[in-house]
Each structure stands twice: as C-alpha cells, then as structure tokens.
Amino acid sequence: MTTRETKGAAETVDGGGVQTVTVVDNRTGRTYELPITDGTIRAMDLRQIRVDDDDFGLMTYDPAFMNTASCRSGVTYLDGDRGVLRYRGYPIEQLAEHSSFLEVAYLLVHGDLPTRIELETWVEEITHHTYAHESIRRMIAEFPPDAHPMGILQAAVAGLGTVYPDAKDIDDEEGRHLQSVRLIAKMPTLGAYGYRHMRGLPVVEPRNRLSYSANFLAMMFAVGDPGFQPDPRIERALDVLFILHADHEQNCSTSAVRSVGSSQADPYASVSAGIGALYGPLHGGANEAVLRMLDRIGNVDRIPEFIAAVKERRELLMGFGHRVYKNYDPRARIIKTACDDVFAVTGVNPKLAIAQELERIALEDEFFVSRQLYPNVDFYSGLIYEALGIPPEMFTVLFAIGRTPGWVAQWREMLADPEQKISRPRQVYVGAGERDYKPVGAR
Ligand code: ACO
C-alpha cells in the first residue's frame, strides 16, 4: 500500500510490514523516515529534525489536543464518525440493555465482565464502602447553603485523601483496589449529602439493602421513610444513565484525572481534578445549560427565532455538537428511549416537545448538517433528571457518579503503563524577548 499526500513531502510506505512516513525538511533538504504505529507517528521522532546542532528539534503544535493521542488505552473504543461506543469491546447498546451499572463498573476497572461470584463479591464490596467518614460529612455541612453541589463534591472527594492517607501508596495493588472501590462506593453518598445540604435537610445514611441506584435515590429523596423504594422503572433508568456516562476515553475530565495522577498524586486528588473539569458548561455542565435554553425558548413557536440566533452566533444550541462524534451520539439515542420509560411514570416533561422539535429542525438545517452537529448525551438527559425531581445543579453530580468507574479505570491503566511519565506539555513561547527590569518610578 502506498498513499501520497498531495502537499509536499509526506508519504507512507508499506515495505514488508513496517509502515513509515518519509519527511523531507525543505529547510535543509534532509530526508527522515519515521515509523508509523497504530496510525500514529511518535512526536519525539520529530525531534531529530533540526536545522543545526543548536536547534531544539521539530515539535508539533496541537492546542486542545485535536490530533494527538496522549496514551494507548484498552478501556473505551469510540468511532465518532460512525457513532460507535464500546466499553472493553462491548457495544454500549448491549450494556445499556442487559447490564447493571456496577457490572459495567467492574468491566471497566477489571477489563472483563465478572463471573457471577465475582459480581456478587464486587457488589458486596461496593455496598460495604458506601458510608463516608464523619469528618467529610461535617465538612459538607460547613458549606454555605447555596454552595453548588459540584463544588462540594469536588472538595469532598479531595478530602477523602486526608481520611485515607494509605491512598498515597499508589504502587500497592491491594491499596489501588481498595481506593477504586471506595471512590465508586462513596460518590453517590457525597453527591446526595451535597443535595441534602442544599435543601437544608438532614442527610440520609446509605441504605445497603437497596441497589446502587435505588440507594442514591433514597439518600436524595427519602424523608422519614425507612422503607423508601423507588419505582423499578426509575431505578433502572438511572442505572442506564450511569452506564451511559461510565467512560468516554480521553475527554477533558479523564485527561485531567490522568494528568494529575501522572504526578503520582493519590486517586482522590486525581478524581477531584476530573470533577473540576466536568463542572464546566462545555463538558458535564451542558445538560443544565440545555434545560435553561429550553426554558428560555419557552414554546415551540419560538424555535425558528432561536435557530436564527444560533446561526448569527448569538446563541449556542446546547446539547448539540461534540469534539469526537460527527454522527448521532449513540448515548443520545438510548437516552431518548429511556425518556419514554421515565415519562410513563412521571408524566411527560413539557420541554420534551420543544427539544424534539429543535432536534427535528436542526437535523434538517444546512448550518447544523454541514458542521455535522448532532444531539449529544446531554441533549435529553437533563429532561429525564428534571422529571425525576433532580434539580439542575445536581445534573453534573450525577454525571460524576456515572463517570467515576471510567476515571478509576483510566487512572489504573495509566499507572500500569510503563510509557507514561509525569504529564508535561510543551509550549510555543510568543511572549516578550529578554528585557531589563525597570524600577517602578521609571516605568
Ligand atoms: N451550536 C451552534 N454551533 C455549534 C455548536 C453548537 N452547539 N457546536 C459547534 N458549533 C459550530 C462552531 O461554531 C463551529 O462553527 P464554524 O466552523 O463555522 O466556526 C463548528 O460548529 C465546529 O465546532 P467547534 O467549536 O470547532 O467544535 P469543538 O469540537 O471545538 O466543540 C463542543 C465541541 C464544545 C461540544 C461544541 O460542540 C459545543 O460547545 N457544544 C455545546 C455544548 C455541549 O453540548 N457540550 C456537551 C458536550 S458532550 C459532553 O461533554 C458529555
């Protein structure tokens, strides 16, 4: 196989199995043959391309990591052009239909689906670790009543590192397992504590007779009802939402977890960094923004006006577009179905009609079609959360709960990867050249 680039000096050659690209440096006329592995060249191979001995060597410039693989990963496969998402090889559609969130968490963390015994042991372990240390509960109680629960969650997770100093020993395999279990187990508890604090309600301790998702709903919503048991359709819908959010390869928050973890910080500090990244409206905060957008649109008749504002760049169609998916996000399709199940219990959310009409119009409009903008996971998830009585401030907290097994799996994979070192990007310096300091009176 030979492919030739039209512009300039890059070509790939398949000569007896080893693929290479030949680069001609037009500054020097020198030719370099760089190996291609898994469709990538090593950025460090470019360093040899220099004009003279003083030259640092060629670097790549890739703001926002548009075309740079930062790791080799076996956790999640994503083909954004075809709308494919698989965890450890299993299609997301099959997992959403047949699996439970804790089974998926096991799959992500351990690499394979558990046997029945392994699953029982795993569920028992997670359930055993749902309680949070008293100091963390007290810390949450000290936040102002209007504190955003995502800020509380980030602080609480970082705080767990103070409760478990053994977590610093990241080389201990048993320890890594224990911290992984603790993180997945305690995330709903901390999230629900933040919610109860926001509502001025006493916390509900974990109810270990309930499933992971039912227990979360109990910690959120039970008021003086020890027998609280959510409708099984709601419990299942929440479990599916957690499954859909469980991992998404090297997104902003996962990269943050890996980046902080690469300094050998404990996993609580690393996951707390991931929560910070997820907090932003362009990442996990988008479903909250979708609801606000639907509120502002108000009714179906005002959609054309809103779409016009998007095209004039005065608005963003929140819940549309994705860095990687240039096709329908498969998670959005599953969530759309989950909407029906939830609304059968709760009654239809009136914003659904606006969302569906927005989607219909956008998918036919040249502006969105030409830019390959499709609904992402956040377009419909907020509607479900709202129907469940979950306030918008909590949406990202639910995302964080779902994403925790993915963060944990990626953190563990990074630690086991002999090629990984402390994460440290390069820069292109564009600031002032050397200049002399002037005393303040002389400026
Ligand atoms: N509404 C209107 N126009 C959009 C939107 C949108 N939601 N998303 C992208 N575009 C336009 C851009 O203006 C750009 O147009 P141009 O080429 O004419 O300048 C083009 O589509 C390409 O978009 P980029 O911004 O280059 O895409 P990028 O990959 O950088 O951004 C992102 C992806 C951040 C998700 C973006 O689509 C966006 O802001 N969407 C809305 C927020 C959102 O829903 N985020 C959730 C993402 S999913 C998740 O985190 C779970």
# chains A, B, ... in the order shown; residues from 1 in each chain; ligands from 1
call {"tool": "closest_atom_pairs", "arguments": {"of": "stretch 268-353 of chain A", "to": "stretch 137-156 of chain A", "cutoff": "8 Å", "atoms": "only C-alpha atoms", "output": "tab-separated table"}}
result
residue	atom	partner	partner_atom	distance
A:Ser272	CA	A:Gln154	CA	5.0
A:Ala273	CA	A:Gln154	CA	7.5
A:Ile275	CA	A:Gln154	CA	5.7
A:Gly276	CA	A:Gln154	CA	6.5
A:Tyr279	CA	A:Met150	CA	6.7
call {"tool": "write_last_selection", "arguments": {"atoms": "N, CA, C and O atoms", "output": "compact mmCIF listing (two decimals), in the first residue's frame"}}
result
# COMPACT_ATOMS: atom_id res chain seq x y z
N SER A 272 -10.76 14.25 41.93
CA SER A 272 -11.27 15.58 42.26
C SER A 272 -10.96 16.56 41.12
O SER A 272 -11.80 17.41 40.77
N ALA A 273 -9.79 16.41 40.50
CA ALA A 273 -9.46 17.26 39.34
C ALA A 273 -10.41 16.98 38.19
O ALA A 273 -10.85 17.89 37.48
N ILE A 275 -13.45 16.02 38.47
CA ILE A 275 -14.75 16.64 38.82
C ILE A 275 -14.70 18.13 38.46
O ILE A 275 -15.67 18.68 37.92
N GLY A 276 -13.56 18.76 38.73
CA GLY A 276 -13.41 20.18 38.37
C GLY A 276 -13.58 20.39 36.87
O GLY A 276 -14.28 21.31 36.43
N TYR A 279 -17.20 20.01 35.69
CA TYR A 279 -18.05 21.09 36.17
C TYR A 279 -18.38 22.10 35.05
O TYR A 279 -19.44 22.73 35.02
call {"tool": "select_by_dssp", "arguments": {"residues": "stretch 83-143 of chain A", "states": "helix (DSSP H, G or I)", "output": "number ranges by chain"}}
result
A: 92-98, 101-110, 116-128, 134-141
call {"tool": "residues_near_ligand", "arguments": {"ligand": "ligand 1", "cutoff": "7 Å", "atoms": "only C-alpha atoms and all ligand atoms", "output": "list in words"}}
result
Pro281, Leu282, His283, Gly284, Ala286, Val310, Glu315, Leu316, Leu317, Met318, Gly319, Phe320, Gly321, His322, Arg323, Val324, Arg371, Leu373, Asn376, Val377 and Asp378 of chain A
call {"tool": "closest_residue", "arguments": {"among": "A:Phe367, A:Gly74, A:Ala218, A:Asp340", "to": "A:Asp231", "atoms": "only C-alpha atoms"}}
result
A:Ala218
call {"tool": "closest_residue", "arguments": {"among": "A:Leu358, A:Leu415, A:Val23, A:Val348", "to": "A:Glu386", "atoms": "only C-alpha atoms"}}
result
A:Val348
call {"tool": "closest_residue", "arguments": {"among": "A:Arg333, A:Ala237, A:Val203, A:Cys71", "to": "A:Pro418", "atoms": "only C-alpha atoms"}}
result
A:Cys71
call {"tool": "residues_around", "arguments": {"residues": "stretch 251-260 of chain A", "least_positions_apart": "5", "cutoff": "8 Å", "atoms": "only C-alpha atoms", "output": "VMD selection string"}}
result
chain A and resid 265 269 to 278 283 406 to 407 410 to 411 414 422 to 423
call {"tool": "write_last_selection", "arguments": {"atoms": "C-alpha atoms", "output": "CSV table (one decimal), in the first residue's frame"}}
result
chain,number,residue,atom,x,y,z
A,265,ALA,CA,-0.9,12.2,43.5
A,269,ALA,CA,-6.8,14.3,44.2
A,270,SER,CA,-6.8,13.0,40.7
A,271,VAL,CA,-10.6,12.3,40.6
A,272,SER,CA,-11.3,15.6,42.3
A,273,ALA,CA,-9.5,17.3,39.3
A,274,GLY,CA,-11.7,15.3,37.0
A,275,ILE,CA,-14.7,16.6,38.8
A,276,GLY,CA,-13.4,20.2,38.4
A,277,ALA,CA,-13.1,19.6,34.6
A,278,LEU,CA,-16.5,18.1,34.4
A,283,HIS,CA,-18.4,19.4,29.3
A,406,GLY,CA,-14.1,5.3,34.0
A,407,TRP,CA,-11.8,7.7,35.8
A,410,GLN,CA,-8.1,5.1,33.2
A,411,TRP,CA,-6.1,6.1,36.3
A,414,MET,CA,-2.1,5.0,33.3
A,422,ILE,CA,4.5,13.0,34.5
A,423,SER,CA,2.3,14.8,32.1
call {"tool": "residues_around", "arguments": {"residues": "A:Asn299", "least_positions_apart": "6", "cutoff": "9 Å", "atoms": "only C-alpha atoms", "output": "PDB file with N, CA and C atoms, in the first residue's frame"}}
result
ATOM      1  N   LYS A 351     -41.073  20.222  28.312  1.00  0.00           N
ATOM      2  CA  LYS A 351     -39.945  20.702  27.496  1.00  0.00           C
ATOM      3  C   LYS A 351     -39.540  19.676  26.426  1.00  0.00           C
ATOM      4  N   ALA A 353     -41.324  18.366  24.112  1.00  0.00           N
ATOM      5  CA  ALA A 353     -41.842  18.748  22.793  1.00  0.00           C
ATOM      6  C   ALA A 353     -40.916  19.787  22.152  1.00  0.00           C
ATOM      7  N   ILE A 354     -40.419  20.726  22.958  1.00  0.00           N
ATOM      8  CA  ILE A 354     -39.514  21.755  22.411  1.00  0.00           C
ATOM      9  C   ILE A 354     -38.211  21.097  21.944  1.00  0.00           C
TER      10      ILE A 354
END
call {"tool": "residues_around", "arguments": {"residues": "A:Ala105", "least_positions_apart": "3", "cutoff": "8 Å", "atoms": "only C-alpha atoms", "output": "ChimeraX atom specification"}}
result
/A:101-102,108-109,246,405-406
call {"tool": "write_last_selection", "arguments": {"atoms": "N, CA and C atoms", "output": "PDB file, in the first residue's frame"}}
result
ATOM      1  N   PHE A 101     -25.154  -1.042  36.298  1.00  0.00           N
ATOM      2  CA  PHE A 101     -24.057  -0.086  36.402  1.00  0.00           C
ATOM      3  C   PHE A 101     -22.853  -0.705  37.120  1.00  0.00           C
ATOM      4  N   LEU A 102     -23.105  -1.436  38.198  1.00  0.00           N
ATOM      5  CA  LEU A 102     -21.951  -1.986  38.931  1.00  0.00           C
ATOM      6  C   LEU A 102     -21.239  -3.065  38.123  1.00  0.00           C
ATOM      7  N   LEU A 108     -15.150  -2.088  33.375  1.00  0.00           N
ATOM      8  CA  LEU A 108     -14.199  -1.006  33.067  1.00  0.00           C
ATOM      9  C   LEU A 108     -12.939  -1.126  33.902  1.00  0.00           C
ATOM     10  N   VAL A 109     -13.122  -1.374  35.184  1.00  0.00           N
ATOM     11  CA  VAL A 109     -11.977  -1.379  36.101  1.00  0.00           C
ATOM     12  C   VAL A 109     -11.110  -2.627  35.899  1.00  0.00           C
ATOM     13  N   ALA A 246     -20.395   6.131  31.949  1.00  0.00           N
ATOM     14  CA  ALA A 246     -19.323   5.493  32.725  1.00  0.00           C
ATOM     15  C   ALA A 246     -17.907   5.730  32.174  1.00  0.00           C
ATOM     16  N   PRO A 405     -16.256   5.120  37.604  1.00  0.00           N
ATOM     17  CA  PRO A 405     -15.533   3.897  37.213  1.00  0.00           C
ATOM     18  C   PRO A 405     -14.596   4.123  36.033  1.00  0.00           C
ATOM     19  N   GLY A 406     -15.001   5.000  35.106  1.00  0.00           N
ATOM     20  CA  GLY A 406     -14.131   5.300  33.965  1.00  0.00           C
ATOM     21  C   GLY A 406     -12.865   5.999  34.419  1.00  0.00           C
TER      22      GLY A 406
END
call {"tool": "closest_residue", "arguments": {"among": "A:Ile243, A:Leu190, A:Met59, A:Val104", "to": "A:Val123", "atoms": "only C-alpha atoms"}}
result
A:Val104
call {"tool": "atom_distance", "arguments": {"atom1": "atom CA of A:Ala192", "atom2": "atom CA of A:Met219"}}
result
5.7 Å
call {"tool": "closest_residue", "arguments": {"among": "A:Gln229, A:Ser262, A:Thr37, A:Thr337", "to": "A:Glu419", "atoms": "only C-alpha atoms"}}
result
A:Ser262
call {"tool": "closest_residue", "arguments": {"among": "A:Glu312, A:Asp329, A:Asp266, A:Glu357", "to": "A:Arg176", "atoms": "only C-alpha atoms"}}
result
A:Asp266
call {"tool": "atom_distance", "arguments": {"atom1": "atom CA of A:Gln372", "atom2": "atom CA of A:Lys326"}}
result
5.1 Å
call {"tool": "residues_around", "arguments": {"residues": "A:Ala185", "least_positions_apart": "2", "cutoff": "6 Å", "atoms": "only C-alpha atoms", "output": "list in words"}}
result
Ile126, His129, Thr130, Val181, Arg182, Leu183 and Met187 of chain A
call {"tool": "write_last_selection", "arguments": {"atoms": "all heavy atoms", "output": "short mmCIF file (atom, residue, chain, number, x, y, z; two decimals), in the first residue's frame"}}
result
data_model
loop_
_atom_site.label_atom_id
_atom_site.label_comp_id
_atom_site.auth_asym_id
_atom_site.auth_seq_id
_atom_site.Cartn_x
_atom_site.Cartn_y
_atom_site.Cartn_z
N ILE A 126 -18.57 -2.90 47.18
CA ILE A 126 -19.00 -1.51 46.93
C ILE A 126 -20.03 -1.12 48.00
O ILE A 126 -19.94 -0.04 48.60
CB ILE A 126 -19.62 -1.36 45.52
CG1 ILE A 126 -18.64 -1.77 44.43
CG2 ILE A 126 -20.17 0.07 45.31
CD1 ILE A 126 -17.66 -0.76 43.95
N HIS A 129 -18.73 -0.18 51.36
CA HIS A 129 -17.93 1.06 51.48
C HIS A 129 -18.73 2.32 51.19
O HIS A 129 -18.14 3.37 50.92
CB HIS A 129 -16.71 0.98 50.54
CG HIS A 129 -15.62 0.11 51.08
ND1 HIS A 129 -14.74 0.53 52.03
CD2 HIS A 129 -15.31 -1.17 50.81
CE1 HIS A 129 -13.89 -0.45 52.32
NE2 HIS A 129 -14.23 -1.50 51.58
N THR A 130 -20.05 2.27 51.25
CA THR A 130 -20.86 3.44 50.88
C THR A 130 -20.82 4.55 51.92
O THR A 130 -21.09 5.71 51.60
CB THR A 130 -22.33 3.04 50.65
OG1 THR A 130 -22.73 2.23 51.74
CG2 THR A 130 -22.52 2.29 49.34
N VAL A 181 -12.62 0.92 44.90
CA VAL A 181 -13.92 0.54 45.48
C VAL A 181 -14.48 1.72 46.28
O VAL A 181 -15.67 2.07 46.14
CB VAL A 181 -13.75 -0.71 46.39
CG1 VAL A 181 -14.98 -0.94 47.25
CG2 VAL A 181 -13.46 -1.93 45.54
N ARG A 182 -13.64 2.32 47.08
CA ARG A 182 -14.12 3.44 47.91
C ARG A 182 -14.67 4.57 47.03
O ARG A 182 -15.70 5.15 47.33
CB ARG A 182 -12.97 3.99 48.76
CG ARG A 182 -12.67 3.15 49.99
CD ARG A 182 -11.43 3.70 50.67
NE ARG A 182 -11.18 3.06 51.95
CZ ARG A 182 -9.98 2.98 52.50
NH1 ARG A 182 -8.92 3.50 51.89
NH2 ARG A 182 -9.82 2.39 53.67
N LEU A 183 -13.93 4.89 45.98
CA LEU A 183 -14.37 6.01 45.13
C LEU A 183 -15.73 5.72 44.51
O LEU A 183 -16.64 6.56 44.56
CB LEU A 183 -13.33 6.26 44.02
CG LEU A 183 -12.23 7.24 44.39
CD1 LEU A 183 -11.04 7.11 43.45
CD2 LEU A 183 -12.76 8.67 44.37
N MET A 187 -19.14 7.94 46.05
CA MET A 187 -19.53 9.07 45.20
C MET A 187 -21.03 9.40 45.34
O MET A 187 -21.38 10.57 45.53
CB MET A 187 -19.16 8.75 43.75
CG MET A 187 -18.97 9.92 42.89
SD MET A 187 -17.66 11.03 43.43
CE MET A 187 -16.27 10.41 42.60
#
call {"tool": "decode", "arguments": {"residues": "stretch 355-369 of chain A", "atoms": "all heavy atoms", "output": "PDB file, in the first residue's frame"}}
result
ATOM      1  N   ALA A 355     -37.693  20.177  22.793  1.00  0.00           N
ATOM      2  CA  ALA A 355     -36.424  19.514  22.463  1.00  0.00           C
ATOM      3  C   ALA A 355     -36.570  18.706  21.172  1.00  0.00           C
ATOM      4  O   ALA A 355     -35.693  18.761  20.287  1.00  0.00           O
ATOM      5  CB  ALA A 355     -35.992  18.608  23.612  1.00  0.00           C
ATOM      6  N   GLN A 356     -37.678  17.970  21.052  1.00  0.00           N
ATOM      7  CA  GLN A 356     -37.845  17.126  19.861  1.00  0.00           C
ATOM      8  C   GLN A 356     -37.969  17.974  18.596  1.00  0.00           C
ATOM      9  O   GLN A 356     -37.402  17.641  17.555  1.00  0.00           O
ATOM     10  CB  GLN A 356     -39.082  16.237  20.036  1.00  0.00           C
ATOM     11  CG  GLN A 356     -38.804  15.085  20.987  1.00  0.00           C
ATOM     12  CD  GLN A 356     -40.037  14.273  21.316  1.00  0.00           C
ATOM     13  OE1 GLN A 356     -41.150  14.810  21.337  1.00  0.00           O
ATOM     14  NE2 GLN A 356     -39.861  12.990  21.586  1.00  0.00           N
ATOM     15  N   GLU A 357     -38.693  19.081  18.708  1.00  0.00           N
ATOM     16  CA  GLU A 357     -38.864  19.948  17.542  1.00  0.00           C
ATOM     17  C   GLU A 357     -37.529  20.631  17.184  1.00  0.00           C
ATOM     18  O   GLU A 357     -37.169  20.747  16.010  1.00  0.00           O
ATOM     19  CB  GLU A 357     -39.968  20.987  17.834  1.00  0.00           C
ATOM     20  CG  GLU A 357     -40.326  21.894  16.690  1.00  0.00           C
ATOM     21  CD  GLU A 357     -40.864  21.192  15.425  1.00  0.00           C
ATOM     22  OE1 GLU A 357     -41.065  19.952  15.448  1.00  0.00           O
ATOM     23  OE2 GLU A 357     -41.050  21.882  14.411  1.00  0.00           O
ATOM     24  N   LEU A 358     -36.790  21.046  18.208  1.00  0.00           N
ATOM     25  CA  LEU A 358     -35.456  21.626  17.977  1.00  0.00           C
ATOM     26  C   LEU A 358     -34.578  20.633  17.227  1.00  0.00           C
ATOM     27  O   LEU A 358     -33.909  20.984  16.257  1.00  0.00           O
ATOM     28  CB  LEU A 358     -34.788  21.911  19.320  1.00  0.00           C
ATOM     29  CG  LEU A 358     -34.637  23.333  19.816  1.00  0.00           C
ATOM     30  CD1 LEU A 358     -33.913  23.329  21.146  1.00  0.00           C
ATOM     31  CD2 LEU A 358     -33.916  24.222  18.824  1.00  0.00           C
ATOM     32  N   GLU A 359     -34.590  19.395  17.695  1.00  0.00           N
ATOM     33  CA  GLU A 359     -33.767  18.364  17.063  1.00  0.00           C
ATOM     34  C   GLU A 359     -34.201  18.168  15.614  1.00  0.00           C
ATOM     35  O   GLU A 359     -33.369  18.127  14.703  1.00  0.00           O
ATOM     36  CB  GLU A 359     -33.880  17.036  17.826  1.00  0.00           C
ATOM     37  CG  GLU A 359     -33.063  15.953  17.151  1.00  0.00           C
ATOM     38  CD  GLU A 359     -33.218  14.553  17.727  1.00  0.00           C
ATOM     39  OE1 GLU A 359     -33.628  14.433  18.898  1.00  0.00           O
ATOM     40  OE2 GLU A 359     -32.941  13.599  17.004  1.00  0.00           O
ATOM     41  N   ARG A 360     -35.524  18.078  15.400  1.00  0.00           N
ATOM     42  CA  ARG A 360     -36.027  17.843  14.041  1.00  0.00           C
ATOM     43  C   ARG A 360     -35.550  18.957  13.099  1.00  0.00           C
ATOM     44  O   ARG A 360     -35.007  18.696  12.035  1.00  0.00           O
ATOM     45  CB  ARG A 360     -37.557  17.779  14.067  1.00  0.00           C
ATOM     46  CG  ARG A 360     -38.175  17.251  12.772  1.00  0.00           C
ATOM     47  CD  ARG A 360     -39.684  17.400  12.753  1.00  0.00           C
ATOM     48  NE  ARG A 360     -40.142  18.778  12.761  1.00  0.00           N
ATOM     49  CZ  ARG A 360     -40.069  19.631  11.732  1.00  0.00           C
ATOM     50  NH1 ARG A 360     -39.549  19.231  10.596  1.00  0.00           N
ATOM     51  NH2 ARG A 360     -40.496  20.887  11.832  1.00  0.00           N
ATOM     52  N   ILE A 361     -35.731  20.201  13.540  1.00  0.00           N
ATOM     53  CA  ILE A 361     -35.363  21.336  12.680  1.00  0.00           C
ATOM     54  C   ILE A 361     -33.844  21.367  12.451  1.00  0.00           C
ATOM     55  O   ILE A 361     -33.368  21.515  11.329  1.00  0.00           O
ATOM     56  CB  ILE A 361     -35.850  22.673  13.297  1.00  0.00           C
ATOM     57  CG1 ILE A 361     -37.376  22.695  13.290  1.00  0.00           C
ATOM     58  CG2 ILE A 361     -35.281  23.876  12.565  1.00  0.00           C
ATOM     59  CD1 ILE A 361     -37.989  23.945  13.895  1.00  0.00           C
ATOM     60  N   ALA A 362     -33.089  21.187  13.541  1.00  0.00           N
ATOM     61  CA  ALA A 362     -31.631  21.279  13.419  1.00  0.00           C
ATOM     62  C   ALA A 362     -31.083  20.190  12.486  1.00  0.00           C
ATOM     63  O   ALA A 362     -30.177  20.450  11.692  1.00  0.00           O
ATOM     64  CB  ALA A 362     -30.985  21.186  14.789  1.00  0.00           C
ATOM     65  N   LEU A 363     -31.660  18.988  12.553  1.00  0.00           N
ATOM     66  CA  LEU A 363     -31.123  17.899  11.740  1.00  0.00           C
ATOM     67  C   LEU A 363     -31.438  18.081  10.252  1.00  0.00           C
ATOM     68  O   LEU A 363     -30.863  17.389   9.411  1.00  0.00           O
ATOM     69  CB  LEU A 363     -31.647  16.537  12.234  1.00  0.00           C
ATOM     70  CG  LEU A 363     -31.126  16.095  13.610  1.00  0.00           C
ATOM     71  CD1 LEU A 363     -31.626  14.712  13.963  1.00  0.00           C
ATOM     72  CD2 LEU A 363     -29.592  16.108  13.654  1.00  0.00           C
ATOM     73  N   GLU A 364     -32.331  19.012   9.955  1.00  0.00           N
ATOM     74  CA  GLU A 364     -32.639  19.277   8.534  1.00  0.00           C
ATOM     75  C   GLU A 364     -31.968  20.567   8.055  1.00  0.00           C
ATOM     76  O   GLU A 364     -32.016  20.882   6.880  1.00  0.00           O
ATOM     77  CB  GLU A 364     -34.159  19.455   8.356  1.00  0.00           C
ATOM     78  CG  GLU A 364     -34.903  18.146   8.444  1.00  0.00           C
ATOM     79  CD  GLU A 364     -36.406  18.343   8.376  1.00  0.00           C
ATOM     80  OE1 GLU A 364     -36.856  19.508   8.321  1.00  0.00           O
ATOM     81  OE2 GLU A 364     -37.115  17.335   8.399  1.00  0.00           O
ATOM     82  N   ASP A 365     -31.388  21.322   8.972  1.00  0.00           N
ATOM     83  CA  ASP A 365     -30.878  22.644   8.628  1.00  0.00           C
ATOM     84  C   ASP A 365     -29.425  22.571   8.152  1.00  0.00           C
ATOM     85  O   ASP A 365     -28.576  21.937   8.793  1.00  0.00           O
ATOM     86  CB  ASP A 365     -30.973  23.541   9.884  1.00  0.00           C
ATOM     87  CG  ASP A 365     -30.737  24.991   9.551  1.00  0.00           C
ATOM     88  OD1 ASP A 365     -29.620  25.328   9.071  1.00  0.00           O
ATOM     89  OD2 ASP A 365     -31.653  25.787   9.780  1.00  0.00           O
ATOM     90  N   GLU A 366     -29.156  23.259   7.071  1.00  0.00           N
ATOM     91  CA  GLU A 366     -27.831  23.209   6.446  1.00  0.00           C
ATOM     92  C   GLU A 366     -26.713  23.608   7.418  1.00  0.00           C
ATOM     93  O   GLU A 366     -25.642  23.000   7.427  1.00  0.00           O
ATOM     94  CB  GLU A 366     -27.840  24.135   5.218  1.00  0.00           C
ATOM     95  CG  GLU A 366     -26.713  23.899   4.225  1.00  0.00           C
ATOM     96  CD  GLU A 366     -25.426  24.615   4.625  1.00  0.00           C
ATOM     97  OE1 GLU A 366     -25.493  25.689   5.277  1.00  0.00           O
ATOM     98  OE2 GLU A 366     -24.343  24.097   4.305  1.00  0.00           O
ATOM     99  N   PHE A 367     -26.977  24.600   8.290  1.00  0.00           N
ATOM    100  CA  PHE A 367     -25.959  25.072   9.244  1.00  0.00           C
ATOM    101  C   PHE A 367     -25.459  23.905  10.101  1.00  0.00           C
ATOM    102  O   PHE A 367     -24.254  23.713  10.281  1.00  0.00           O
ATOM    103  CB  PHE A 367     -26.556  26.173  10.143  1.00  0.00           C
ATOM    104  CG  PHE A 367     -25.596  26.684  11.194  1.00  0.00           C
ATOM    105  CD1 PHE A 367     -24.782  27.775  10.935  1.00  0.00           C
ATOM    106  CD2 PHE A 367     -25.503  26.073  12.447  1.00  0.00           C
ATOM    107  CE1 PHE A 367     -23.897  28.250  11.903  1.00  0.00           C
ATOM    108  CE2 PHE A 367     -24.622  26.535  13.418  1.00  0.00           C
ATOM    109  CZ  PHE A 367     -23.823  27.633  13.129  1.00  0.00           C
ATOM    110  N   PHE A 368     -26.393  23.118  10.615  1.00  0.00           N
ATOM    111  CA  PHE A 368     -26.029  22.022  11.517  1.00  0.00           C
ATOM    112  C   PHE A 368     -25.535  20.804  10.731  1.00  0.00           C
ATOM    113  O   PHE A 368     -24.586  20.139  11.124  1.00  0.00           O
ATOM    114  CB  PHE A 368     -27.221  21.645  12.401  1.00  0.00           C
ATOM    115  CG  PHE A 368     -27.683  22.786  13.256  1.00  0.00           C
ATOM    116  CD1 PHE A 368     -28.679  23.658  12.814  1.00  0.00           C
ATOM    117  CD2 PHE A 368     -27.090  23.044  14.480  1.00  0.00           C
ATOM    118  CE1 PHE A 368     -29.083  24.744  13.577  1.00  0.00           C
ATOM    119  CE2 PHE A 368     -27.483  24.132  15.250  1.00  0.00           C
ATOM    120  CZ  PHE A 368     -28.479  24.980  14.795  1.00  0.00           C
ATOM    121  N   VAL A 369     -26.196  20.542   9.578  1.00  0.00           N
ATOM    122  CA  VAL A 369     -25.813  19.382   8.769  1.00  0.00           C
ATOM    123  C   VAL A 369     -24.376  19.552   8.281  1.00  0.00           C
ATOM    124  O   VAL A 369     -23.549  18.640   8.426  1.00  0.00           O
ATOM    125  CB  VAL A 369     -26.785  19.218   7.568  1.00  0.00           C
ATOM    126  CG1 VAL A 369     -26.300  18.116   6.618  1.00  0.00           C
ATOM    127  CG2 VAL A 369     -28.203  18.923   8.061  1.00  0.00           C
TER     128      VAL A 369
END
